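The file work-v1.txt comes next; it holds compact mmCIF, C-alpha atoms and all ligand atoms.
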```txt
# COMPACT_ATOMS: atom_id res chain seq x y z
CA MET A 15 171.61 98.24 92.56
CA THR A 16 173.75 95.87 90.59
CA ASN A 17 176.21 96.53 87.82
CA ASP A 18 175.82 93.01 86.54
CA GLU A 19 175.76 92.92 82.72
CA ASN A 20 172.82 90.54 82.82
CA PHE A 21 170.73 92.99 84.75
CA PHE A 22 170.02 95.30 81.83
CA THR A 23 168.74 92.80 79.28
CA LEU A 24 165.41 91.92 77.69
CA GLU A 25 165.35 88.69 79.70
CA ALA A 26 165.82 90.63 82.90
CA ALA A 27 163.02 93.03 81.90
CA ARG A 28 160.66 90.12 81.16
CA ALA A 29 161.46 88.46 84.46
CA LYS A 30 160.77 91.67 86.33
CA ASP A 31 157.43 92.08 84.57
CA LEU A 32 156.45 88.54 85.54
CA SER A 33 157.25 89.02 89.19
CA ASP A 34 155.80 92.55 89.39
CA PRO A 35 153.19 92.72 92.19
CA LEU A 36 151.31 95.46 90.30
CA ARG A 37 151.26 93.65 86.94
CA GLU A 38 147.50 93.06 86.84
CA TYR A 39 146.83 96.83 86.89
CA ARG A 40 148.05 97.17 83.32
CA ASP A 41 144.88 95.42 82.13
CA GLN A 42 142.78 98.09 83.79
CA PHE A 43 143.82 100.54 81.05
CA VAL A 44 143.06 100.87 77.36
CA HIS A 45 145.91 99.66 75.12
CA SER A 46 144.71 100.09 71.58
CA SER A 47 147.94 99.19 69.80
CA GLU A 48 150.49 96.44 70.45
CA ASN A 49 152.91 98.50 68.46
CA LEU A 50 152.97 101.52 70.73
CA ILE A 51 155.06 102.19 73.80
CA TYR A 52 153.80 105.05 75.91
CA LEU A 53 156.22 106.83 78.21
CA ASP A 54 154.34 110.09 78.57
CA GLY A 55 151.99 109.31 81.45
CA ASN A 56 153.52 112.28 83.24
CA SER A 57 151.86 114.57 80.68
CA LEU A 58 148.63 112.70 79.99
CA GLY A 59 147.87 109.44 81.77
CA ARG A 60 146.34 106.50 79.92
CA LEU A 61 142.58 105.91 79.81
CA PRO A 62 141.35 103.55 82.57
CA LEU A 63 138.68 101.10 81.34
CA ARG A 64 136.49 102.13 84.26
CA SER A 65 136.62 105.76 83.12
CA LYS A 66 134.95 104.79 79.87
CA GLU A 67 132.16 103.17 81.86
CA MET A 68 131.96 106.10 84.23
CA ILE A 69 131.69 108.68 81.46
CA ASN A 70 129.04 106.58 79.72
CA LYS A 71 127.10 106.35 82.94
CA VAL A 72 127.26 110.09 83.59
CA VAL A 73 126.20 110.86 80.02
CA ASN A 74 123.49 108.25 79.57
CA GLU A 75 122.01 107.80 83.02
CA GLN A 76 122.77 110.94 84.97
CA TRP A 77 122.43 113.47 82.17
CA GLY A 78 120.31 111.60 79.62
CA ASP A 79 117.77 109.99 81.93
CA ARG A 80 117.74 111.91 85.15
CA LEU A 81 118.51 115.39 83.85
CA ILE A 82 118.60 118.14 86.46
CA ARG A 83 117.67 115.76 89.26
CA SER A 84 121.26 114.48 89.11
CA TRP A 85 122.53 117.68 90.72
CA ASN A 86 121.08 116.57 94.02
CA THR A 87 121.80 112.87 93.74
CA ASP A 88 125.25 112.80 92.11
CA TRP A 89 126.77 116.13 91.21
CA LEU A 90 126.59 118.71 93.99
CA ASP A 91 128.95 116.87 96.28
CA ILE A 92 131.36 115.70 93.56
CA ASN A 93 134.09 118.25 94.42
CA ARG A 94 134.21 117.19 98.06
CA ARG A 95 133.65 113.49 97.40
CA ILE A 96 136.58 113.19 95.01
CA GLY A 97 138.60 115.71 97.04
CA LEU A 98 138.58 113.40 100.01
CA LYS A 99 139.96 110.57 97.91
CA ILE A 100 142.77 112.82 96.72
CA ALA A 101 143.34 113.77 100.37
CA GLN A 102 144.25 110.14 101.05
CA LEU A 103 146.91 110.28 98.33
CA ILE A 104 148.57 113.42 99.70
CA GLY A 105 148.37 112.95 103.46
CA ALA A 106 145.66 115.51 104.14
CA LYS A 107 142.41 115.52 106.11
CA PRO A 108 139.23 114.84 104.12
CA HIS A 109 137.91 118.40 104.49
CA GLU A 110 141.21 120.00 103.45
CA VAL A 111 141.09 119.06 99.76
CA ILE A 112 138.65 119.92 97.00
CA LEU A 113 138.48 119.12 93.29
CA THR A 114 137.96 122.31 91.31
CA ASP A 115 139.14 124.47 88.40
CA SER A 116 142.62 124.12 86.85
CA THR A 117 145.99 123.99 88.56
CA SER A 118 146.97 127.46 87.34
CA LEU A 119 143.70 128.98 88.48
CA ASN A 120 143.94 127.24 91.85
CA LEU A 121 147.46 128.58 92.31
CA PHE A 122 146.15 132.04 91.43
CA LYS A 123 143.37 131.81 94.02
CA LEU A 124 145.55 130.51 96.83
CA ALA A 125 148.54 132.77 96.14
CA TYR A 126 146.21 135.76 96.00
CA GLY A 127 144.65 134.75 99.31
CA SER A 128 148.07 134.27 100.85
CA LEU A 129 149.45 137.65 99.72
CA LYS A 130 146.31 139.41 100.89
CA ASN A 131 146.47 137.68 104.28
CA GLN A 132 150.16 138.44 104.80
CA GLY A 133 149.65 142.16 104.29
CA GLU A 134 151.92 144.91 102.99
CA GLY A 135 154.97 144.37 105.17
CA ARG A 136 155.92 141.19 103.36
CA THR A 137 156.85 141.91 99.79
CA ARG A 138 158.98 138.97 98.68
CA ILE A 139 157.79 135.90 96.78
CA VAL A 140 160.31 133.06 96.44
CA SER A 141 160.31 130.41 93.72
CA ASP A 142 162.95 128.77 91.54
CA GLU A 143 164.03 129.03 87.93
CA MET A 144 163.12 125.40 87.21
CA ASN A 145 159.48 125.93 88.15
CA PHE A 146 156.70 125.31 85.64
CA PRO A 147 156.37 128.54 83.61
CA SER A 148 152.62 128.84 84.20
CA ASP A 149 153.27 128.99 87.95
CA LEU A 150 155.76 131.82 87.47
CA TYR A 151 153.36 133.67 85.15
CA ILE A 152 150.61 133.43 87.76
CA LEU A 153 152.94 134.92 90.38
CA GLN A 154 154.02 137.69 87.98
CA GLY A 155 150.37 138.49 87.25
CA LEU A 156 149.60 138.71 90.96
CA ILE A 157 152.45 141.15 91.49
CA ASP A 158 150.81 143.31 88.83
CA ILE A 159 147.40 143.01 90.53
CA PHE A 160 148.88 144.00 93.89
CA GLY A 161 150.32 147.18 92.36
CA ASN A 162 153.91 146.04 91.75
CA SER A 163 154.92 146.28 95.38
CA HIS A 164 156.17 142.67 95.53
CA GLU A 165 159.33 141.16 94.06
CA LEU A 166 159.63 137.62 92.70
CA VAL A 167 163.04 136.11 93.46
CA LEU A 168 164.09 132.81 91.89
CA ALA A 169 166.55 130.31 93.31
CA LYS A 170 169.04 129.31 90.62
CA SER A 171 170.16 125.93 89.47
CA ASP A 172 173.82 125.35 88.53
CA ASN A 173 173.08 122.40 86.32
CA GLU A 174 169.36 122.62 85.43
CA ILE A 175 168.93 119.31 87.27
CA ILE A 176 168.62 120.26 90.93
CA VAL A 177 168.14 123.37 93.00
CA ARG A 178 170.17 123.27 96.20
CA GLU A 179 167.95 123.63 99.23
CA GLU A 180 170.27 126.19 100.78
CA ASP A 181 169.90 128.33 97.66
CA VAL A 182 166.15 128.48 98.31
CA SER A 183 166.56 128.97 102.06
CA SER A 184 168.99 131.85 101.63
CA LEU A 185 166.28 133.77 99.73
CA ILE A 186 163.64 133.35 102.44
CA ASN A 187 163.73 136.20 104.96
CA SER A 188 161.45 138.12 107.33
CA ARG A 189 160.01 140.09 104.42
CA THR A 190 159.02 136.92 102.56
CA SER A 191 155.30 136.55 102.08
CA LEU A 192 155.11 133.37 100.05
CA VAL A 193 157.26 130.47 98.86
CA SER A 194 155.78 128.77 95.79
CA LEU A 195 157.52 125.70 94.39
CA SER A 196 156.86 122.52 92.45
CA TYR A 197 157.49 119.47 94.60
CA VAL A 198 158.75 117.53 91.57
CA SER A 199 160.24 119.61 88.77
CA PHE A 200 158.59 119.12 85.37
CA LYS A 201 161.86 118.98 83.44
CA SER A 202 164.44 117.10 85.48
CA ALA A 203 162.08 115.36 87.98
CA PHE A 204 164.11 116.88 90.84
CA LYS A 205 162.20 116.41 94.12
CA TYR A 206 162.57 118.83 97.01
CA ASP A 207 162.81 118.04 100.70
CA MET A 208 159.27 119.19 101.48
CA ASN A 209 159.78 119.10 105.24
CA ALA A 210 162.93 121.18 105.31
CA ILE A 211 161.76 123.86 102.88
CA THR A 212 158.35 124.16 104.54
CA LYS A 213 159.95 124.49 107.95
CA ASN A 214 162.29 127.14 106.68
CA ALA A 215 159.40 129.16 105.21
CA HIS A 216 157.51 128.90 108.51
CA ASP A 217 160.54 129.92 110.57
CA HIS A 218 160.41 133.24 108.73
CA GLY A 219 156.64 133.61 108.91
CA ALA A 220 156.12 132.93 105.20
CA HIS A 221 153.39 130.79 103.67
CA ILE A 222 154.23 127.94 101.33
CA ILE A 223 152.25 126.58 98.38
CA TRP A 224 153.48 123.33 96.84
CA ASP A 225 152.48 122.41 93.29
CA LEU A 226 152.08 118.63 93.30
CA SER A 227 151.27 118.19 89.59
CA HIS A 228 154.28 116.02 88.76
CA ALA A 229 154.25 114.24 92.12
CA VAL A 230 150.71 113.18 93.01
CA GLY A 231 150.09 109.54 92.19
CA ALA A 232 153.80 108.86 91.68
CA VAL A 233 155.54 109.68 94.97
CA GLN A 234 154.44 109.75 98.59
CA VAL A 235 153.20 113.15 99.71
CA ASN A 236 152.33 113.92 103.30
CA LEU A 237 151.11 117.49 103.56
CA ASN A 238 149.93 117.22 107.17
CA ASP A 239 153.20 115.72 108.40
CA SER A 240 155.10 118.60 106.84
CA GLN A 241 152.50 121.12 108.09
CA VAL A 242 152.15 122.49 104.58
CA ASP A 243 149.93 125.58 104.28
CA MET A 244 148.54 125.15 100.80
CA ALA A 245 148.96 122.96 97.72
CA VAL A 246 147.60 122.56 94.21
CA GLY A 247 147.90 119.82 91.62
CA CYS A 248 146.49 118.39 88.46
CA THR A 249 144.68 115.11 87.78
CA TYR A 250 145.44 114.40 84.13
CA LYS A 251 149.04 113.23 84.69
CA TYR A 252 149.71 110.31 87.07
CA LEU A 253 146.08 110.30 88.27
CA ASN A 254 144.86 109.39 84.77
CA GLY A 255 141.86 111.75 84.95
CA GLY A 256 141.69 112.56 81.23
CA PRO A 257 142.56 115.58 79.08
CA GLY A 258 141.89 118.83 80.95
CA SER A 259 140.32 117.00 83.90
CA LEU A 260 139.70 119.14 86.99
CA ALA A 261 142.55 119.99 89.33
CA PHE A 262 142.57 120.08 93.13
CA LEU A 263 143.63 122.36 95.92
CA TYR A 264 144.50 121.86 99.58
CA VAL A 265 144.33 124.43 102.36
CA ARG A 266 145.34 123.43 105.87
CA GLU A 267 142.37 123.34 108.23
CA ASP A 268 143.37 126.27 110.47
CA LEU A 269 144.10 128.57 107.49
CA GLN A 270 140.88 128.01 105.59
CA ASP A 271 138.87 130.82 107.12
CA LYS A 272 141.80 133.26 106.99
CA ILE A 273 142.44 132.97 103.26
CA ILE A 274 140.00 134.59 100.86
CA ASN A 275 139.30 133.44 97.32
CA PRO A 276 139.64 136.42 94.94
CA VAL A 277 136.90 135.08 92.65
CA TRP A 278 133.61 135.64 94.42
CA GLY A 279 131.55 133.20 92.41
CA TRP A 280 128.32 131.78 93.76
CA PHE A 281 129.81 128.39 94.65
CA ALA A 282 132.26 130.16 97.00
CA ASP A 283 129.28 131.66 98.83
CA ALA A 284 128.03 130.28 102.14
CA ASN A 285 124.57 129.62 100.65
CA PRO A 286 124.72 129.53 96.86
CA PHE A 287 121.10 128.46 96.50
CA ASP A 288 119.69 131.26 98.64
CA PHE A 289 120.43 133.65 95.76
CA GLU A 290 121.23 136.51 98.15
CA MET A 291 122.35 139.81 96.59
CA GLN A 292 125.43 140.14 98.82
CA PHE A 293 128.35 137.68 98.77
CA SER A 294 129.31 136.02 102.00
CA ALA A 295 132.21 133.56 101.82
CA ALA A 296 131.55 129.93 102.74
CA LYS A 297 133.35 128.54 105.78
CA GLY A 298 135.88 125.82 105.15
CA ILE A 299 137.26 124.49 101.91
CA ASN A 300 134.11 125.28 99.86
CA ARG A 301 135.07 128.94 99.74
CA PHE A 302 137.74 128.02 97.19
CA LEU A 303 135.17 126.85 94.64
CA THR A 304 134.12 129.35 92.01
CA SER A 305 131.26 128.23 89.83
CA THR A 306 129.35 125.34 88.33
CA THR A 307 131.62 122.33 87.98
CA PRO A 308 132.21 120.77 84.53
CA ILE A 309 130.76 117.45 85.63
CA LEU A 310 132.19 115.28 82.84
CA SER A 311 135.72 116.49 83.60
CA ALA A 312 135.16 115.98 87.31
CA ALA A 313 133.61 112.51 87.04
CA SER A 314 136.39 111.24 84.78
CA THR A 315 138.95 111.78 87.56
CA GLU A 316 137.47 109.27 89.98
CA PRO A 317 138.30 105.87 88.44
CA GLY A 318 142.00 106.71 88.04
CA ILE A 319 142.21 107.87 91.66
CA ASP A 320 140.43 104.70 92.83
CA LEU A 321 142.99 102.56 90.98
CA LEU A 322 145.87 104.37 92.68
CA LEU A 323 144.28 103.99 96.10
CA GLU A 324 143.71 100.28 95.49
CA ALA A 325 147.28 99.69 94.33
CA GLY A 326 148.67 101.79 97.19
CA ILE A 327 151.09 104.65 96.81
CA ASP A 328 153.91 102.80 98.62
CA ARG A 329 153.90 99.95 96.11
CA ILE A 330 153.61 102.41 93.24
CA ARG A 331 156.56 104.43 94.47
CA ASP A 332 158.64 101.27 95.01
CA LYS A 333 158.04 100.16 91.47
CA SER A 334 158.70 103.66 90.14
CA VAL A 335 162.09 103.73 91.86
CA GLN A 336 163.01 100.30 90.49
CA GLN A 337 161.83 101.17 87.00
CA THR A 338 163.60 104.52 86.86
CA GLN A 339 166.78 102.83 88.18
CA PHE A 340 166.44 100.21 85.45
CA LEU A 341 165.98 102.97 82.89
CA ILE A 342 169.04 104.85 84.13
CA GLY A 343 171.09 101.63 83.97
CA LEU A 344 170.10 101.19 80.33
CA VAL A 345 170.80 104.83 79.52
CA ASP A 346 174.26 104.52 81.08
CA LYS A 347 175.04 101.38 79.17
CA LEU A 348 173.52 102.13 75.77
CA LEU A 349 172.94 105.86 75.36
CA LEU A 350 175.72 107.76 77.14
CA PRO A 351 178.24 106.37 74.64
CA LEU A 352 176.11 107.94 71.86
CA GLY A 353 176.33 111.50 73.21
CA PHE A 354 173.38 111.53 75.61
CA VAL A 355 173.64 113.18 79.01
CA MET A 356 171.61 112.24 82.11
CA SER A 357 169.53 115.26 83.07
CA SER A 358 167.74 113.91 86.15
CA PRO A 359 169.09 113.32 89.66
CA ARG A 360 170.66 109.87 90.01
CA ASP A 361 169.59 109.54 93.63
CA PRO A 362 166.01 108.14 93.63
CA GLU A 363 165.31 110.03 96.88
CA LYS A 364 165.83 113.22 94.93
CA ARG A 365 163.55 112.57 91.97
CA GLY A 366 160.02 111.76 90.87
CA SER A 367 158.92 109.24 88.26
CA HIS A 368 160.36 110.48 85.00
CA ILE A 369 163.86 110.57 83.62
CA ALA A 370 165.20 113.35 81.43
CA ILE A 371 168.04 112.75 79.02
CA SER A 372 169.62 115.39 76.77
CA HIS A 373 171.07 115.21 73.30
CA PRO A 374 171.78 117.98 70.74
CA ASP A 375 169.45 116.21 68.28
CA ALA A 376 166.74 115.48 70.85
CA TYR A 377 163.99 117.08 68.79
CA ARG A 378 164.64 115.03 65.67
CA ILE A 379 165.15 111.88 67.71
CA THR A 380 161.73 112.27 69.34
CA GLN A 381 160.21 112.89 65.91
CA ALA A 382 161.66 109.58 64.71
CA MET A 383 160.35 107.82 67.84
CA ILE A 384 156.81 109.16 67.41
CA HIS A 385 156.60 109.05 63.60
CA PRO A 386 158.76 106.10 62.51
CA SER A 387 159.00 105.13 58.87
CA GLU A 388 157.51 101.79 57.80
CA ASP A 389 155.97 99.71 60.54
CA ASN A 390 158.54 100.30 63.20
CA LEU A 391 157.63 100.52 66.88
CA ILE A 392 156.01 103.83 67.88
CA VAL A 393 157.49 105.17 71.11
CA ILE A 394 155.95 108.24 72.73
CA PRO A 395 158.15 110.25 75.10
CA ASP A 396 158.01 113.99 75.23
CA PHE A 397 160.35 116.68 74.15
CA ARG A 398 161.19 119.78 76.17
CA ALA A 399 163.15 122.51 74.42
CA PRO A 400 165.93 122.88 73.73
CA ASP A 401 167.37 119.38 74.03
CA ILE A 402 165.52 117.22 76.58
CA ILE A 403 163.70 113.93 76.05
CA ARG A 404 161.51 113.01 79.01
CA LEU A 405 160.70 109.36 79.64
CA GLY A 406 157.85 108.99 82.11
CA VAL A 407 157.27 105.83 84.13
CA ALA A 408 153.68 105.26 85.28
CA PRO A 409 153.97 102.13 87.44
CA LEU A 410 150.32 101.13 87.06
CA TYR A 411 150.80 100.40 83.38
CA THR A 412 154.46 100.81 82.36
CA GLN A 413 156.30 97.52 81.89
CA TYR A 414 160.03 96.95 82.24
CA GLN A 415 159.93 95.67 78.67
CA ASP A 416 158.55 99.02 77.51
CA ILE A 417 161.57 100.70 79.05
CA TYR A 418 163.94 98.22 77.48
CA TYR A 419 162.46 98.54 73.98
CA CYS A 420 162.33 102.33 74.24
CA VAL A 421 166.04 102.63 75.02
CA LEU A 422 166.90 100.14 72.29
CA ARG A 423 164.84 102.12 69.81
CA ILE A 424 166.55 105.39 70.73
CA LYS A 425 169.91 103.69 70.29
CA GLU A 426 168.89 102.46 66.83
CA ILE A 427 167.63 105.90 65.75
CA VAL A 428 170.94 107.51 66.67
CA GLU A 429 173.27 104.76 65.44
CA THR A 430 171.60 104.48 62.02
CA HIS A 431 171.24 108.29 61.71
CA GLU A 432 167.54 107.70 61.11
CA PHE A 433 166.75 110.99 62.85
CA GLU A 434 168.50 112.91 60.07
CA GLN A 435 165.49 112.30 57.82
CA TYR A 436 163.45 114.58 60.09
CA SER A 437 163.59 118.34 59.90
CA GLU A 438 164.86 120.55 62.68
CA LYS A 439 162.23 122.35 64.62
C1 LIG B 501 151.06 120.13 84.45
C2 LIG B 501 151.36 121.24 85.39
C3 LIG B 501 150.48 122.31 85.54
C4 LIG B 501 149.24 122.36 84.70
O1 LIG B 501 148.60 123.59 84.71
P1 LIG B 501 147.15 123.74 84.05
O2 LIG B 501 146.61 124.91 84.73
O3 LIG B 501 146.41 122.47 84.28
O4 LIG B 501 147.33 123.92 82.59
C5 LIG B 501 150.78 123.29 86.47
N1 LIG B 501 151.90 123.22 87.21
C6 LIG B 501 152.77 122.20 87.08
C7 LIG B 501 153.98 122.13 87.95
C8 LIG B 501 152.53 121.18 86.16
O5 LIG B 501 153.39 120.17 86.04
```
Written form, structure tokens:
Amino acid sequence: MTNDENFFTLEAARAKDLSDPLREYRDQFVHSSENLIYLDGNSLGRLPLRSKEMINKVVNEQWGDRLIRSWNTDWLDINRRIGLKIAQLIGAKPHEVILTDSTSLNLFKLAYGSLKNQGEGRTRIVSDEMNFPSDLYILQGLIDIFGNSHELVLAKSDNEIIVREEDVSSLINSRTSLVSLSYVSFKSAFKYDMNAITKNAHDHGAHIIWDLSHAVGAVQVNLNDSQVDMAVGCTYKYLNGGPGSLAFLYVREDLQDKIINPVWGWFADANPFDFEMQFSAAKGINRFLTSTTPILSAASTEPGIDLLLEAGIDRIRDKSVQQTQFLIGLVDKLLLPLGFVMSSPRDPEKRGSHIAISHPDAYRITQAMIHPSEDNLIVIPDFRAPDIIRLGVAPLYTQYQDIYYCVLRIKEIVETHEFEQYSEK
């Protein structure tokens, strides 16, 4: 990293875009307006051109022409077929990952299975207070289902940026059933040491479930290396699968037949098409399916995953680190003097692919970015209450210039008091 004044300039940004080894991937996505800078790929990834083709093909050929015959030729194996591509992104074996349901529902199924398997002696569930609220709600709901005999304990954060690993470890004991954490935190982008936390959980006989939603497609994940028990994640963020596209789940090979899915739908059955009256759970990863897959939302995930596999996660992560460092350099130089505070870890090893900055007027500033007056540049970040602006870098299509113009635009909005024309939330 350099502190050179010339490093954080438009010329520097342009030069970096020109020499970027991933630059041709930008053209694989729809960009409908020259006037729009999109830094929210960590909430909803851009539309890959190939996804438009894919969806057309599924609608016109598979549904329109071939009708029900497409179940056998294209649809029945879609969960496994795309699951094994996701497996390559997260360091898992092909038969350990399946595309199905939503992230929250997958967490529900796996956490239920884990608690049931661990039995009554283990009554503690460990998470942290920076976790995605839906994950915490799912755990709270499970405690209710299991008759309120479990307790959910949350590791605290001093600064709302990181959770110290020892503060998680000190909560894990011999009565701990399950540790459930997000690998990359949705607000600050804090990234855990997956190896260390997983090992700690195992040393005490606890299971661990990692939520990879803000990590998959942006950082390297190696579930097998870390001997992770279970994981879930979504496909509409860095995987560019489309709004509400299906999520995935991972269960380590040797655990699959020990963990039971609480939803005994016919697709979790060993022989769904035998139409037996009595449920009998499938062996292997298929037992974590529930019912008929929404095929359009499954098919739309594949082109985005293919693009990531082609580009390679190592190159993507390299570029993400360089781009987030570039962004932090600009924030330091141009925004800290205006009352902003860095709300993400500065060490790239400790964060994912977005940067959070805080400002007391964050809400009105984001309103001015998204809804500018006249024909100013539209910049789309996202806002997280009470005072955070998240700027997401998606290396397949984010340019250094986008980052530069975004920071300059924020500076202008604050310096000219433009945000004061917008109402408080
Ligand atoms: C985005 C996200 C989810 C999404 O949950 P849905 O069930 O798809 O609505 C869950 N967990 C985390 C950590 C996320 O970032």
Closest atom pairs, residues of chain A within 10 Å of ligand LIG 501 (chain B), all atoms listed in the file, as JSON lines:
```
{"residue": "A:Asn56", "atom": "CA", "partner": "B:LIG501", "partner_atom": "C1", "distance": 8.3}
{"residue": "A:Ser57", "atom": "CA", "partner": "B:LIG501", "partner_atom": "C1", "distance": 6.8}
{"residue": "A:Leu58", "atom": "CA", "partner": "B:LIG501", "partner_atom": "C1", "distance": 9.0}
{"residue": "A:Asp115", "atom": "CA", "partner": "B:LIG501", "partner_atom": "O2", "distance": 8.3}
{"residue": "A:Ser116", "atom": "CA", "partner": "B:LIG501", "partner_atom": "O2", "distance": 4.6}
{"residue": "A:Thr117", "atom": "CA", "partner": "B:LIG501", "partner_atom": "O2", "distance": 4.0}
{"residue": "A:Ser118", "atom": "CA", "partner": "B:LIG501", "partner_atom": "O2", "distance": 3.7}
{"residue": "A:Leu119", "atom": "CA", "partner": "B:LIG501", "partner_atom": "O2", "distance": 6.3}
{"residue": "A:Asn120", "atom": "CA", "partner": "B:LIG501", "partner_atom": "O2", "distance": 8.0}
{"residue": "A:Leu121", "atom": "CA", "partner": "B:LIG501", "partner_atom": "O2", "distance": 8.5}
{"residue": "A:Phe122", "atom": "CA", "partner": "B:LIG501", "partner_atom": "O2", "distance": 9.8}
{"residue": "A:Met144", "atom": "CA", "partner": "B:LIG501", "partner_atom": "C7", "distance": 9.7}
{"residue": "A:Asn145", "atom": "CA", "partner": "B:LIG501", "partner_atom": "C7", "distance": 6.7}
{"residue": "A:Phe146", "atom": "CA", "partner": "B:LIG501", "partner_atom": "C7", "distance": 4.8}
{"residue": "A:Pro147", "atom": "CA", "partner": "B:LIG501", "partner_atom": "N1", "distance": 7.8}
{"residue": "A:Ser148", "atom": "CA", "partner": "B:LIG501", "partner_atom": "C5", "distance": 6.3}
{"residue": "A:Asp149", "atom": "CA", "partner": "B:LIG501", "partner_atom": "N1", "distance": 6.0}
{"residue": "A:Leu150", "atom": "CA", "partner": "B:LIG501", "partner_atom": "N1", "distance": 9.4}
{"residue": "A:Ile152", "atom": "CA", "partner": "B:LIG501", "partner_atom": "O2", "distance": 9.9}
{"residue": "A:Leu195", "atom": "CA", "partner": "B:LIG501", "partner_atom": "C7", "distance": 8.2}
{"residue": "A:Ser196", "atom": "CA", "partner": "B:LIG501", "partner_atom": "C7", "distance": 5.4}
{"residue": "A:Tyr197", "atom": "CA", "partner": "B:LIG501", "partner_atom": "C7", "distance": 8.0}
{"residue": "A:Val198", "atom": "CA", "partner": "B:LIG501", "partner_atom": "C7", "distance": 7.6}
{"residue": "A:Ser199", "atom": "CA", "partner": "B:LIG501", "partner_atom": "C7", "distance": 6.8}
{"residue": "A:Phe200", "atom": "CA", "partner": "B:LIG501", "partner_atom": "O5", "distance": 5.3}
{"residue": "A:Lys201", "atom": "CA", "partner": "B:LIG501", "partner_atom": "O5", "distance": 8.9}
{"residue": "A:Trp224", "atom": "CA", "partner": "B:LIG501", "partner_atom": "C7", "distance": 9.0}
{"residue": "A:Asp225", "atom": "CA", "partner": "B:LIG501", "partner_atom": "C7", "distance": 5.6}
{"residue": "A:Leu226", "atom": "CA", "partner": "B:LIG501", "partner_atom": "C7", "distance": 6.7}
{"residue": "A:Ser227", "atom": "CA", "partner": "B:LIG501", "partner_atom": "O5", "distance": 4.6}
{"residue": "A:His228", "atom": "CA", "partner": "B:LIG501", "partner_atom": "O5", "distance": 5.0}
{"residue": "A:Ala229", "atom": "CA", "partner": "B:LIG501", "partner_atom": "O5", "distance": 8.5}
{"residue": "A:Val246", "atom": "CA", "partner": "B:LIG501", "partner_atom": "N1", "distance": 8.2}
{"residue": "A:Gly247", "atom": "CA", "partner": "B:LIG501", "partner_atom": "C5", "distance": 6.8}
{"residue": "A:Cys248", "atom": "CA", "partner": "B:LIG501", "partner_atom": "O3", "distance": 5.8}
{"residue": "A:Thr249", "atom": "CA", "partner": "B:LIG501", "partner_atom": "O3", "distance": 8.3}
{"residue": "A:Tyr250", "atom": "CA", "partner": "B:LIG501", "partner_atom": "C1", "distance": 8.0}
{"residue": "A:Lys251", "atom": "CA", "partner": "B:LIG501", "partner_atom": "C1", "distance": 7.2}
{"residue": "A:Pro257", "atom": "CA", "partner": "B:LIG501", "partner_atom": "O3", "distance": 9.5}
{"residue": "A:Gly258", "atom": "CA", "partner": "B:LIG501", "partner_atom": "O3", "distance": 6.7}
{"residue": "A:Ser259", "atom": "CA", "partner": "B:LIG501", "partner_atom": "O3", "distance": 8.2}
{"residue": "A:Leu260", "atom": "CA", "partner": "B:LIG501", "partner_atom": "O3", "distance": 8.0}
{"residue": "A:Ala261", "atom": "CA", "partner": "B:LIG501", "partner_atom": "O3", "distance": 6.8}
{"residue": "A:Phe262", "atom": "CA", "partner": "B:LIG501", "partner_atom": "O3", "distance": 9.9}
```
Got a sec: who's within 9 Å of stretch 155-158 of chain A, counting all atoms listed in the file, leaving out chain neighbours fewer than 4 positions off, as a PyMOL selection string? chain A and resi 122+125-126+129+150-151+162-166
Just write the chosen residues, C-alpha atoms, as a tab-separated table (two decimals), keeping the file's coordinate frame.
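Written out: out-v4.tsv:
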```tsv
chain	number	residue	atom	x	y	z
A	122	PHE	CA	146.15	132.04	91.43
A	125	ALA	CA	148.54	132.77	96.14
A	126	TYR	CA	146.21	135.76	96.00
A	129	LEU	CA	149.45	137.65	99.72
A	150	LEU	CA	155.76	131.82	87.47
A	151	TYR	CA	153.36	133.67	85.15
A	162	ASN	CA	153.91	146.04	91.75
A	163	SER	CA	154.92	146.28	95.38
A	164	HIS	CA	156.17	142.67	95.53
A	165	GLU	CA	159.33	141.16	94.06
A	166	LEU	CA	159.63	137.62	92.70
```
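Distances here use all atoms listed in the file; by that measure, the residue among A:Ser311, A:Ser141, A:Ser372, A:Ser305 closest to A:Leu405 is A:Ser372.
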Which residue, A:Arg365, A:Lys30, A:Arg80, A:Lys347, has the smallest gap to A:Ala203 when you use all atoms listed in the file?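 Counting all atoms listed in the file, the residue closest to A:Ala203 is A:Arg365.
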Which residue gives the smallest distance to A:Gln270 among A:Gly127, A:Gly219, A:Gly97, A:Gly353, with only C-alpha atoms counted?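 That would be A:Gly127, the residue with the smallest distance to A:Gln270.
Residue nearest A:Pro395 within the list A:Ile211, A:Leu103, A:Ile51, A:Val235: A:Ile51 [criterion: smallest interatomic distance, all atoms listed in the file].
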Please report, as AutoDock Vina command-line options, the centre and edge lengths in Å to one decimal of an axis-aligned box covering all listed atoms of stretch 24-43 of chain A with 5 Å per side.
```
--center_x 154.3 --center_y 94.5 --center_z 84.9 --size_x 33.0 --size_y 22.1 --size_z 24.5
```
Name the closest residue to A:Val140 among the candidates A:Val193, A:Ile92, A:Ile417, A:Leu124; distances are taken between atoms, counting all atoms listed in the file.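 Smallest separation from A:Val140 among the options: A:Val193.
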Please write as a list in words the list of polymer residues whose atoms come within 9 Å of (165.7, 116.0, 85.4), counting only C-alpha atoms and keeping to the coordinates of the file. Glu174, Ile175, Ile176, Ser199, Phe200, Lys201, Ser202, Ala203, Phe204, Met356, Ser357, Ser358, Pro359, Arg365, Gly366, His368, Ile369, Ala370, Ile371, Ile402 and Arg404 of chain A
